[in-house]
$ cat upload.csv   # CSV, C-alpha atoms
chain,number,residue,atom,x,y,z
A,1,MET,CA,35.9,-48.6,81.2
A,2,SER,CA,32.1,-48.4,81.2
A,3,ILE,CA,30.0,-51.5,80.7
A,4,GLU,CA,28.4,-50.1,77.6
A,5,THR,CA,31.8,-49.7,76.0
A,6,LYS,CA,32.8,-53.2,76.9
A,7,MET,CA,29.7,-54.6,75.4
A,8,TYR,CA,30.2,-52.6,72.3
A,9,LEU,CA,33.7,-53.9,71.9
A,10,ASN,CA,32.6,-57.5,72.5
A,11,ASN,CA,30.0,-57.1,69.7
A,12,ASN,CA,32.5,-55.5,67.3
A,13,TYR,CA,35.4,-58.0,66.6
A,14,LEU,CA,37.4,-55.7,64.3
A,15,LEU,CA,37.3,-52.8,66.8
A,16,LYS,CA,38.3,-55.1,69.6
A,17,ARG,CA,41.2,-56.5,67.5
A,18,PHE,CA,42.3,-53.0,66.7
A,19,LEU,CA,42.3,-52.0,70.3
A,20,HIS,CA,44.4,-55.0,71.2
A,21,GLU,CA,46.9,-54.1,68.5
A,22,ASN,CA,47.0,-50.5,69.7
A,23,PRO,CA,46.8,-50.6,73.5
A,24,LYS,CA,47.6,-46.9,73.9
A,25,TYR,CA,43.9,-46.2,73.1
A,26,TYR,CA,42.8,-48.0,76.2
A,27,LYS,CA,43.8,-44.9,78.2
A,28,TYR,CA,41.7,-42.6,76.0
A,29,LEU,CA,38.8,-44.9,76.1
A,30,ASN,CA,38.9,-45.2,79.9
A,31,ARG,CA,38.9,-41.4,80.3
A,32,ASP,CA,36.3,-40.7,77.7
A,33,PRO,CA,33.7,-43.4,76.6
A,34,MET,CA,32.7,-41.2,73.6
A,35,PHE,CA,36.2,-41.8,72.2
A,36,ILE,CA,34.7,-45.1,70.9
A,37,LYS,CA,33.5,-43.1,67.8
A,38,GLU,CA,36.9,-41.8,67.0
A,39,LEU,CA,38.4,-45.2,67.7
A,40,ASN,CA,35.9,-46.7,65.2
A,41,GLU,CA,37.0,-44.2,62.6
A,42,LEU,CA,40.7,-45.0,63.2
A,43,MET,CA,40.0,-48.7,62.9
A,44,LYS,CA,38.2,-48.1,59.6
A,45,GLU,CA,41.1,-46.2,58.2
A,46,LYS,CA,43.7,-48.8,59.3
A,47,TYR,CA,41.7,-51.7,57.9
A,48,LYS,CA,40.7,-49.8,54.8
A,49,LEU,CA,36.9,-50.1,55.5
A,50,THR,CA,36.1,-46.5,54.5
A,51,ILE,CA,33.9,-45.7,51.5
A,52,PRO,CA,36.8,-44.5,49.3
A,53,ASP,CA,38.8,-47.6,50.1
A,54,LYS,CA,35.9,-49.9,49.2
A,55,ILE,CA,35.4,-48.0,45.9
A,56,ASP,CA,39.1,-48.4,45.1
A,57,ASN,CA,38.9,-52.1,45.9
A,58,LEU,CA,36.0,-52.5,43.6
A,59,LYS,CA,37.8,-50.6,40.8
A,60,GLU,CA,40.8,-52.9,41.2
A,61,LYS,CA,38.6,-56.0,40.9
A,62,LEU,CA,36.8,-54.6,37.8
A,63,ASP,CA,40.2,-53.9,36.2
A,64,MET,CA,41.3,-57.4,36.9
A,65,VAL,CA,38.2,-58.9,35.4
A,66,ASN,CA,38.6,-56.6,32.4
A,67,THR,CA,42.2,-57.8,32.0
A,68,PHE,CA,41.1,-61.4,32.1
A,69,ILE,CA,38.4,-60.7,29.5
A,70,ASP,CA,41.0,-59.1,27.2
A,71,ILE,CA,43.3,-62.0,27.6
A,72,LEU,CA,40.6,-64.5,26.7
A,73,ASN,CA,39.7,-62.6,23.6

$ encode --input "upload.csv" --output "structure tokens"
Amino acid sequence: MSIETKMYLNNNYLLKRFLHENPKYYKYLNRDPMFIKELNELMKEKYKLTIPDKIDNLKEKLDMVNTFIDILN
């Protein structure tokens, strides 16, 4: 694995954790350092860090607040 890739992983805790949980990706990362971009996308999908996931999360929170307001009235 290249030094740049190792440094990137050390600076990105979630990506490093994802890689430890899915060791099969080490092989791909060792063969192709540019796989880090795909790995980052896979990590975002698994941990629900994509834009649609964030919007859904915000919607759920707003619905919950709305329900609390309805209960209090």

$ residues_around --input "upload.csv" --residues "Ile36 of chain A" --least-positions-apart "5" --cutoff "10 Å" --atoms "all atoms listed in the file" --output "list in words"
Thr5, Tyr8, Leu9, Leu15, Tyr25, Tyr28, Leu29, Asn30, Glu41 and Leu42 of chain A

$ write_last_selection --input "upload.csv" --atoms "C-alpha atoms" --output "PDB file, in the coordinates of the input"
ATOM      1  CA  THR A   5      31.800 -49.700  76.000  1.00  0.00           C
ATOM      2  CA  TYR A   8      30.200 -52.600  72.300  1.00  0.00           C
ATOM      3  CA  LEU A   9      33.700 -53.900  71.900  1.00  0.00           C
ATOM      4  CA  LEU A  15      37.300 -52.800  66.800  1.00  0.00           C
ATOM      5  CA  TYR A  25      43.900 -46.200  73.100  1.00  0.00           C
ATOM      6  CA  TYR A  28      41.700 -42.600  76.000  1.00  0.00           C
ATOM      7  CA  LEU A  29      38.800 -44.900  76.100  1.00  0.00           C
ATOM      8  CA  ASN A  30      38.900 -45.200  79.900  1.00  0.00           C
ATOM      9  CA  GLU A  41      37.000 -44.200  62.600  1.00  0.00           C
ATOM     10  CA  LEU A  42      40.700 -45.000  63.200  1.00  0.00           C
TER      11      LEU A  42
END

$ atom_distance --input "upload.csv" --atom1 "atom CA of Tyr47 of chain A" --atom2 "atom CA of Tyr13 of chain A"
12.5 Å

$ atom_distance --input "upload.csv" --atom1 "atom CA of Asn10 of chain A" --atom2 "atom CA of Lys48 of chain A"
20.9 Å

$ closest_residue --input "upload.csv" --among "A:Asn73, A:Asn11, A:Asn57, A:Ser2" --to "Phe35 of chain A" --atoms "all atoms listed in the file"
A:Ser2

$ closest_residue --input "upload.csv" --among "A:Lys54, A:Lys37, A:Lys46, A:Lys61" --to "Arg17 of chain A" --atoms "only C-alpha atoms"
A:Lys46

$ atom_distance --input "upload.csv" --atom1 "atom CA of Ile3 of chain A" --atom2 "atom CA of Asn40 of chain A"
17.3 Å

$ closest_residue --input "upload.csv" --among "A:Leu14, A:Arg31, A:Glu21, A:Phe68" --to "Lys44 of chain A" --atoms "only C-alpha atoms"
A:Leu14

$ closest_residue --input "upload.csv" --among "A:Ile69, A:Met34, A:Leu39, A:Ile51" --to "Phe18 of chain A" --atoms "only C-alpha atoms"
A:Leu39
